[in-house]
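What's in my_file_4.cif: mmCIF, C-alpha atoms
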data_coords
#
loop_
_atom_site.label_atom_id
_atom_site.label_comp_id
_atom_site.auth_asym_id
_atom_site.auth_seq_id
_atom_site.Cartn_x
_atom_site.Cartn_y
_atom_site.Cartn_z
CA MET X 28 -237.63 118.28 213.67
CA ALA X 29 -240.55 118.59 211.26
CA ALA X 30 -240.07 117.49 207.67
CA LYS X 31 -240.77 120.96 206.34
CA ASP X 32 -237.97 122.37 208.53
CA LEU X 33 -235.50 120.08 206.80
CA TYR X 34 -236.67 121.27 203.41
CA GLU X 35 -236.92 124.95 204.23
CA LYS X 36 -233.59 125.37 206.00
CA ASP X 37 -230.59 125.94 203.73
CA TYR X 38 -227.78 124.71 205.95
CA TYR X 39 -225.15 125.77 203.42
CA GLN X 40 -226.41 129.35 203.55
CA ILE X 41 -226.72 129.26 207.34
CA LEU X 42 -223.12 128.12 207.67
CA GLY X 43 -221.91 130.42 204.89
CA VAL X 44 -220.29 127.79 202.67
CA ALA X 45 -220.77 126.67 199.08
CA LYS X 46 -222.63 123.44 198.40
CA SER X 47 -219.41 122.07 196.92
CA ALA X 48 -217.40 122.80 200.09
CA ASP X 49 -215.39 119.88 201.44
CA GLY X 50 -215.29 118.71 205.04
CA ALA X 51 -212.24 120.79 205.92
CA ALA X 52 -213.84 124.00 204.65
CA ILE X 53 -217.03 123.29 206.56
CA LYS X 54 -215.14 122.63 209.77
CA LYS X 55 -213.03 125.79 209.38
CA GLN X 56 -216.10 127.97 208.79
CA TYR X 57 -217.96 126.46 211.73
CA ARG X 58 -215.06 127.13 214.09
CA LYS X 59 -214.91 130.73 212.89
CA LEU X 60 -218.62 131.30 213.50
CA ALA X 61 -218.59 129.42 216.79
CA ARG X 62 -215.95 131.80 218.13
CA GLU X 63 -217.92 134.82 216.96
CA LEU X 64 -221.28 133.60 218.22
CA HIS X 65 -220.31 131.82 221.42
CA PRO X 66 -222.75 132.68 224.27
CA ASP X 67 -219.85 134.05 226.35
CA LYS X 68 -219.47 136.80 223.73
CA THR X 69 -223.07 137.42 222.77
CA LYS X 70 -224.01 138.45 226.33
CA GLY X 71 -227.59 137.22 226.25
CA ASP X 72 -228.44 138.58 222.80
CA LYS X 73 -231.40 136.35 221.83
CA LYS X 74 -230.97 136.88 218.10
CA LEU X 75 -227.26 135.90 218.20
CA GLU X 76 -228.05 132.91 220.45
CA ASP X 77 -230.56 131.68 217.88
CA ARG X 78 -227.97 132.22 215.18
CA PHE X 79 -225.45 130.13 217.16
CA LYS X 80 -228.00 127.31 217.50
CA ALA X 81 -228.75 127.41 213.78
CA VAL X 82 -225.04 127.29 212.90
CA SER X 83 -224.52 124.33 215.25
CA GLU X 84 -227.49 122.53 213.72
CA ALA X 85 -226.17 123.13 210.22
CA TYR X 86 -222.72 121.86 211.17
CA ASP X 87 -224.22 118.73 212.73
CA ILE X 88 -225.75 117.82 209.37
CA LEU X 89 -223.05 118.98 206.96
CA SER X 90 -220.12 117.56 208.91
CA ASP X 91 -221.58 114.04 208.75
CA ASP X 92 -221.13 112.56 205.25
CA LYS X 93 -224.18 110.30 205.49
CA LYS X 94 -226.48 112.97 206.91
CA ARG X 95 -225.24 115.49 204.36
CA LEU X 96 -225.85 113.13 201.44
CA GLU X 97 -229.39 112.37 202.60
CA TYR X 98 -230.07 116.05 203.27
CA ASP X 99 -228.91 116.95 199.74
CA GLU X 100 -231.03 114.16 198.25
CA VAL X 101 -234.25 115.16 199.97
CA ARG X 102 -233.85 118.86 199.09
CA GLU X 103 -233.05 118.03 195.48
CA ALA X 104 -236.01 115.66 195.26
CA VAL X 105 -238.48 118.15 196.74
CA LYS X 106 -237.05 120.82 194.44
CA HIS X 107 -238.11 118.68 191.47
CA GLY X 108 -241.59 118.03 192.81
CA ARG X 109 -241.07 114.66 194.53
CA VAL X 110 -242.68 115.19 197.92
CA PRO X 111 -242.06 113.01 200.98
CA PRO X 112 -245.02 111.45 202.80
CA GLY X 113 -246.93 113.94 204.92
CA PHE X 114 -244.97 116.93 203.70
CA ASN X 115 -246.18 119.96 201.80
CA ALA X 116 -243.32 121.86 200.12
CA GLY X 117 -245.27 125.08 200.33
CA GLY X 118 -245.25 124.87 204.09
CA GLN X 119 -249.06 124.93 204.25
CA GLY X 120 -249.54 121.54 205.83
CA PHE X 121 -249.06 117.88 205.02
CA ASN X 122 -250.15 115.67 202.18
CA GLY X 123 -249.66 112.16 200.83
CA GLY X 124 -246.87 112.46 198.29
CA ASP X 125 -244.75 109.38 197.61
CA PHE X 126 -241.05 109.46 198.45
CA SER X 127 -240.55 105.71 198.83
CA ASP X 128 -238.14 105.48 195.90
CA LEU X 129 -235.70 107.77 197.70
CA PHE X 130 -236.14 106.59 201.27
CA GLY X 131 -236.36 102.88 200.57
CA PRO X 132 -238.83 100.39 202.10
CA GLY X 133 -239.61 100.68 205.76
CA GLY X 134 -237.75 103.90 206.53
CA ASP X 135 -237.33 107.55 205.76
CA ILE X 136 -234.59 110.14 205.73
CA PHE X 137 -235.98 112.03 208.71
CA SER X 138 -235.64 109.09 211.06
CA THR X 139 -232.07 108.63 209.83
CA LEU X 140 -231.10 112.27 210.22
CA PHE X 141 -232.70 112.90 213.56
CA GLY X 142 -232.41 109.60 215.36
CA GLY X 143 -235.93 108.23 214.92
CA ALA X 144 -236.50 104.66 216.01
CA ARG X 145 -238.49 103.45 213.00
CA GLN X 146 -237.54 99.91 212.03
CA ARG X 147 -236.07 99.36 208.60
CA HIS X 148 -236.05 96.57 206.11
CA GLY X 149 -232.66 95.14 205.27
CA ALA X 150 -230.64 96.64 202.44
CA ASP X 151 -231.31 95.62 198.86
CA LEU X 152 -228.49 93.59 197.32
CA GLN X 153 -227.27 93.34 193.75
CA ALA X 154 -225.73 90.50 191.77
CA GLU X 155 -224.84 89.85 188.13
CA ALA X 156 -225.32 86.79 185.94
CA SER X 157 -224.60 85.88 182.32
CA ILE X 158 -226.89 83.78 180.13
CA GLY X 159 -226.69 82.61 176.53
CA PHE X 160 -228.49 84.31 173.65
CA ARG X 161 -230.95 81.42 173.17
CA GLU X 162 -231.64 81.37 176.92
CA SER X 163 -232.52 85.06 176.78
CA ILE X 164 -235.05 84.36 174.02
CA TYR X 165 -236.70 81.24 175.47
CA GLY X 166 -236.14 81.82 179.19
CA THR X 167 -234.07 79.76 181.60
CA GLU X 168 -233.56 78.90 185.25
CA LEU X 169 -230.81 80.79 187.05
CA ASN X 170 -228.88 79.31 189.97
CA LEU X 171 -226.98 81.79 192.12
CA ARG X 172 -224.67 81.21 195.05
CA LEU X 173 -224.26 84.35 197.12
CA SER X 174 -222.28 85.29 200.22
CA PRO X 175 -223.44 88.83 201.12
CA ASN X 176 -220.99 90.67 203.35
CA GLY X 177 -219.02 87.51 204.03
CA SER X 178 -222.02 85.64 205.46
CA THR X 179 -222.72 81.94 204.96
CA PRO X 180 -223.21 81.19 201.24
CA SER X 181 -226.79 80.61 200.12
CA ASN X 182 -228.19 79.09 196.94
CA ILE X 183 -230.91 81.01 195.13
CA THR X 184 -232.88 79.71 192.14
CA THR X 185 -235.05 81.97 190.02
CA ARG X 186 -236.71 81.92 186.61
CA VAL X 187 -235.42 84.23 183.88
CA PRO X 188 -238.41 85.19 181.72
CA ALA X 189 -238.40 84.56 177.97
CA GLY X 190 -237.44 87.56 175.85
CA ILE X 191 -235.32 89.29 178.51
CA LYS X 192 -232.90 91.89 177.14
CA ASP X 193 -229.25 92.47 177.90
CA GLY X 194 -228.92 94.85 180.85
CA ALA X 195 -232.34 94.06 182.35
CA LYS X 196 -232.72 93.41 186.09
CA ILE X 197 -234.64 90.67 187.85
CA LYS X 198 -236.07 91.41 191.30
CA ILE X 199 -236.07 88.54 193.79
CA LYS X 200 -238.20 89.67 196.71
CA GLY X 201 -236.99 89.05 200.24
CA ARG X 202 -233.52 87.73 199.33
CA GLY X 203 -231.57 90.84 200.29
CA ALA X 204 -229.83 91.65 203.58
CA PRO X 205 -231.74 90.94 206.82
CA GLY X 206 -233.31 93.81 208.75
CA ALA X 207 -235.50 94.49 211.76
CA ALA X 208 -238.60 94.90 209.57
CA GLY X 209 -237.67 92.02 207.26
CA PRO X 210 -235.10 91.36 204.54
CA GLY X 211 -234.50 93.58 201.55
CA ASP X 212 -234.70 92.44 197.94
CA LEU X 213 -232.10 91.04 195.55
CA TYR X 214 -231.66 92.60 192.10
CA VAL X 215 -229.87 90.51 189.47
CA LEU X 216 -228.35 92.33 186.48
CA ILE X 217 -228.54 90.08 183.40
CA HIS X 218 -225.80 90.01 180.77
CA VAL X 219 -226.67 88.27 177.49
CA THR X 220 -223.72 86.64 175.72
CA PRO X 221 -223.72 87.59 171.99
CA HIS X 222 -224.54 84.83 169.48
CA PRO X 223 -222.10 84.24 166.56
CA VAL X 224 -224.96 84.36 164.01
CA PHE X 225 -228.11 85.85 165.50
CA SER X 226 -228.77 89.24 167.09
CA ARG X 227 -231.92 91.05 168.13
CA LYS X 228 -233.56 94.45 168.04
CA ASP X 229 -236.83 94.77 169.87
CA GLU X 230 -238.80 91.64 168.93
CA ASN X 231 -237.02 90.95 165.61
CA ILE X 232 -234.13 88.53 165.11
CA TYR X 233 -231.36 89.50 162.67
CA LEU X 234 -228.73 87.54 160.74
CA THR X 235 -226.43 88.10 157.76
CA LEU X 236 -226.59 85.31 155.16
CA PRO X 237 -223.69 84.69 152.72
CA ILE X 238 -224.80 83.92 149.14
CA THR X 239 -222.85 83.28 145.94
CA PHE X 240 -222.47 85.65 143.03
CA ALA X 241 -224.43 83.21 140.88
CA GLU X 242 -227.32 83.07 143.40
CA ALA X 243 -227.48 86.85 143.53
CA THR X 244 -227.30 87.22 139.74
CA LEU X 245 -229.51 84.36 138.58
CA GLY X 246 -231.76 84.06 141.61
CA ALA X 247 -232.16 80.97 143.81
CA ASP X 248 -234.08 79.31 146.61
CA VAL X 249 -231.79 79.13 149.65
CA SER X 250 -232.09 77.58 153.10
CA ILE X 251 -231.87 79.87 156.14
CA PRO X 252 -231.31 78.72 159.75
CA THR X 253 -233.71 79.96 162.42
CA LEU X 254 -233.34 80.39 166.15
CA ASP X 255 -235.79 77.52 166.66
CA GLY X 256 -233.26 75.13 165.16
CA ASP X 257 -235.09 74.35 161.93
CA GLU X 258 -234.61 75.97 158.52
CA VAL X 259 -236.81 77.97 156.17
CA ILE X 260 -236.52 78.41 152.41
CA VAL X 261 -236.47 81.91 150.96
CA ARG X 262 -236.43 82.93 147.33
CA ILE X 263 -233.73 85.31 146.13
CA ALA X 264 -234.85 87.24 143.06
CA PRO X 265 -232.51 87.48 140.07
CA GLY X 266 -230.27 90.54 140.25
CA THR X 267 -230.45 90.88 144.04
CA PRO X 268 -227.70 93.24 145.31
CA SER X 269 -225.52 92.56 148.32
CA GLY X 270 -226.96 94.23 151.44
CA ARG X 271 -230.63 93.69 150.65
CA THR X 272 -232.69 92.55 153.63
CA LEU X 273 -235.43 89.93 153.38
CA ARG X 274 -238.16 89.50 155.99
CA VAL X 275 -239.36 86.09 157.19
CA LYS X 276 -242.64 86.72 159.01
CA ASP X 277 -243.25 85.47 162.56
CA ARG X 278 -239.86 83.82 163.00
CA GLY X 279 -238.61 86.31 165.57
CA ILE X 280 -239.25 86.54 169.32
CA LYS X 281 -242.65 85.12 170.26
CA LYS X 282 -244.87 86.88 172.79
CA VAL X 283 -248.50 86.64 173.82
CA SER X 284 -249.26 89.69 171.70
CA GLY X 285 -247.64 88.15 168.62
CA ALA X 286 -244.23 87.34 167.15
CA GLY X 287 -241.44 89.39 165.66
CA ASP X 288 -239.82 88.64 162.32
CA LEU X 289 -236.54 87.15 161.11
CA MET X 290 -234.61 89.82 159.18
CA VAL X 291 -232.10 88.33 156.74
CA THR X 292 -229.45 90.60 155.20
CA LEU X 293 -227.79 89.12 152.09
CA ASP X 294 -224.02 89.30 151.69
CA VAL X 295 -222.63 88.32 148.27
CA ALA X 296 -219.45 86.33 148.89
CA ILE X 297 -216.67 86.60 146.30
CA PRO X 298 -214.22 83.69 145.96
CA GLN X 299 -210.63 84.66 146.76
CA ARG X 300 -209.19 82.54 143.92
CA VAL X 301 -210.69 81.49 140.59
CA ASP X 302 -208.93 79.12 138.18
CA GLY X 303 -209.53 77.06 135.06
CA ALA X 304 -213.02 76.80 133.65
CA ALA X 305 -214.50 79.07 136.30
CA LYS X 306 -212.05 81.84 135.45
CA LYS X 307 -212.79 81.41 131.72
CA ALA X 308 -216.52 81.56 132.38
CA ILE X 309 -216.14 84.81 134.33
CA GLU X 310 -213.98 86.30 131.58
CA ASP X 311 -216.64 85.38 129.03
CA PHE X 312 -219.29 86.88 131.32
CA ALA X 313 -217.30 90.10 131.64
CA GLU X 314 -216.98 90.35 127.87
CA ALA X 315 -220.68 89.68 127.36
CA THR X 316 -221.70 92.37 129.89
CA LYS X 317 -219.08 95.00 129.06
CA ASP X 318 -221.76 97.53 128.19
CA PHE X 319 -223.09 97.35 131.76
CA ASN X 320 -221.48 100.06 133.90
CA PRO X 321 -222.62 99.84 137.55
CA ARG X 322 -220.82 103.12 138.37
CA ALA X 323 -222.42 105.30 135.72
CA GLU X 324 -225.22 106.62 137.89
CA PHE X 325 -222.86 106.88 140.86
CA ILE X 326 -220.41 109.11 138.93
CA LYS X 327 -223.27 111.21 137.61
CA LYS X 328 -224.51 111.91 141.15
CA ALA X 329 -220.96 112.64 142.36
CA LYS X 330 -220.67 115.45 139.80
CA GLN X 331 -223.87 117.17 140.88
#

The structure in this file should be written as structure tokens.
Amino acid sequence: MAAKDLYEKDYYQILGVAKSADGAAIKKQYRKLARELHPDKTKGDKKLEDRFKAVSEAYDILSDDKKRLEYDEVREAVKHGRVPPGFNAGGQGFNGGDFSDLFGPGGDIFSTLFGGARQRHGADLQAEASIGFRESIYGTELNLRLSPNGSTPSNITTRVPAGIKDGAKIKIKGRGAPGAAGPGDLYVLIHVTPHPVFSRKDENIYLTLPITFAEATLGADVSIPTLDGDEVIVRIAPGTPSGRTLRVKDRGIKKVSGAGDLMVTLDVAIPQRVDGAAKKAIEDFAEATKDFNPRAEFIKKAKQ
């Protein structure tokens, strides 16, 4: 059967069932039509004979779960402008559209549906692996031990590129299931284990740095850890509020095109218990700054 026939024929309409019909409904409708259109009853009526053949053809596709799925996929794909090789959706001939993402390497839906003998590559396989946060930033070597479909276990080693993100996939060519036209590929889904201090967004590294009330109020030079393992000194200006973010240039994720930044959000830590001289000092501070009302502007805005 030509490719355009598969696209142009609406087997659901031919059989008289909804696209959502289950197998039982399809079988029931086919039996009904088969009784009505059987050649013994049509008495040589060419139009009814053709109708019977079309109904039988539609049932052959829709009653087979695999054929039906592939039929639905190709019609949906063509409907959205993705044209299979050598097929013109307008029915005016054949062209070179690319349908390889739907049909997979080495095969096509038409050979599957209609018994073609084209050789196929083996199926693509999928695996999952977890790596640490630092490994995702600097890259690492991944060792996998796989037993696809209960076969003999095999060891696979591959390089995880630096800067890979959580949820990314690595393609390992030729390590999928075997096939007549060669093996398929292996896709490894990467999970990145969160770090207790660092996180990332795009090429920037983020952390939240605790500082004291005195450092925030009076200002200070403080040491900040970096993902490289060393430390950098940043200056906190006097009167810095909790939640302010400082930027340390070029201490993020490094790439050929440049490096991201280290984004440091300050968090003023308040001691849970204050006694003795420290308590007296804070009481004196409160008395000395009693004219300062941090909520004055806040209350004014709330009343607007």

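The space between atom CA of Gly303 of chain X and atom CA of Val249 of chain X spans 26.7 Å.
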
Spatial neighbours of segment 209-216 of chain X, max dist 8 Å, all atoms listed in the file, sep filter under 2 positions, as a PDB file with C-alpha atoms, keeping the file's coordinate frame:
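What follows is the written file part_6.pdb:
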ATOM      1  CA  ARG X 147    -236.070  99.360 208.600  1.00  0.00           C
ATOM      2  CA  HIS X 148    -236.050  96.570 206.110  1.00  0.00           C
ATOM      3  CA  GLY X 149    -232.660  95.140 205.270  1.00  0.00           C
ATOM      4  CA  ALA X 150    -230.640  96.640 202.440  1.00  0.00           C
ATOM      5  CA  ASP X 151    -231.310  95.620 198.860  1.00  0.00           C
ATOM      6  CA  LEU X 152    -228.490  93.590 197.320  1.00  0.00           C
ATOM      7  CA  GLN X 153    -227.270  93.340 193.750  1.00  0.00           C
ATOM      8  CA  ALA X 154    -225.730  90.500 191.770  1.00  0.00           C
ATOM      9  CA  GLU X 155    -224.840  89.850 188.130  1.00  0.00           C
ATOM     10  CA  ALA X 156    -225.320  86.790 185.940  1.00  0.00           C
ATOM     11  CA  GLY X 194    -228.920  94.850 180.850  1.00  0.00           C
ATOM     12  CA  ALA X 195    -232.340  94.060 182.350  1.00  0.00           C
ATOM     13  CA  LYS X 196    -232.720  93.410 186.090  1.00  0.00           C
ATOM     14  CA  ILE X 197    -234.640  90.670 187.850  1.00  0.00           C
ATOM     15  CA  LYS X 198    -236.070  91.410 191.300  1.00  0.00           C
ATOM     16  CA  ILE X 199    -236.070  88.540 193.790  1.00  0.00           C
ATOM     17  CA  LYS X 200    -238.200  89.670 196.710  1.00  0.00           C
ATOM     18  CA  GLY X 201    -236.990  89.050 200.240  1.00  0.00           C
ATOM     19  CA  ARG X 202    -233.520  87.730 199.330  1.00  0.00           C
ATOM     20  CA  GLY X 203    -231.570  90.840 200.290  1.00  0.00           C
ATOM     21  CA  ALA X 204    -229.830  91.650 203.580  1.00  0.00           C
ATOM     22  CA  PRO X 205    -231.740  90.940 206.820  1.00  0.00           C
ATOM     23  CA  GLY X 206    -233.310  93.810 208.750  1.00  0.00           C
ATOM     24  CA  ALA X 207    -235.500  94.490 211.760  1.00  0.00           C
ATOM     25  CA  HIS X 218    -225.800  90.010 180.770  1.00  0.00           C
TER      26      HIS X 218
END

Note to self: Give me, as a PyMOL selection string, all polymer residues having an atom no more than 12 Å from Phe160 of chain X, counting only C-alpha atoms and skipping those fewer than 4 positions away in the same chain.
What the structure shows: chain X and resi 164-167+189-193+217-227+232+254+280

Check: What gap, in Å, lies between atom CA of Tyr39 of chain X and atom CA of Ala104 of chain X?
Finding: 16.9 Å

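Excluding Ile41 of chain X and any residue on its chain fewer than 6 positions from it, the residues at most 10 Å away by all atoms listed in the file are X:Arg78, X:Phe79, X:Ala81, X:Val82, X:Ser83, X:Glu84, X:Ala85, X:Tyr86.
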
Item checked: Shell of 9 Å around Asn170 of chain X, only C-alpha atoms, local chain residues under 4 positions omitted, as a ChimeraX atom specification -> /X:182-186

Those residues with C-alpha atoms, as a tab-separated table (two decimals), in the frame of the given file please?
chain	number	residue	atom	x	y	z
X	182	ASN	CA	-228.19	79.09	196.94
X	183	ILE	CA	-230.91	81.01	195.13
X	184	THR	CA	-232.88	79.71	192.14
X	185	THR	CA	-235.05	81.97	190.02
X	186	ARG	CA	-236.71	81.92	186.61

For segment 72-77 of chain X, what centre and edge lengths in Å (one decimal) does the axis-aligned box get once 3 Å is added on each side of all its listed atoms, as JSON?
{"center_x": -229.3, "center_y": 135.1, "center_z": 220.3, "size_x": 10.1, "size_y": 12.9, "size_z": 10.9}

Check: In Å, with one decimal, what is the gap from atom CA of Asp91 of chain X to atom CA of Ile53 of chain X?
Finding: 10.5 Å

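Minimum distance to Leu245 of chain X across X:Arg322, X:Gly71, X:Asp257, X:Ile263 (counting all atoms listed in the file) occurs at X:Ile263.
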
Note to self: For this structure, which residues satisfy the selection - the PyMOL selection byres ((chain X and resi 89) around 12) - when it is evaluated on the file as given? I want them as a PyMOL selection string.
What the structure shows: chain X and resi 37-54+56-57+82-88+90-99+140
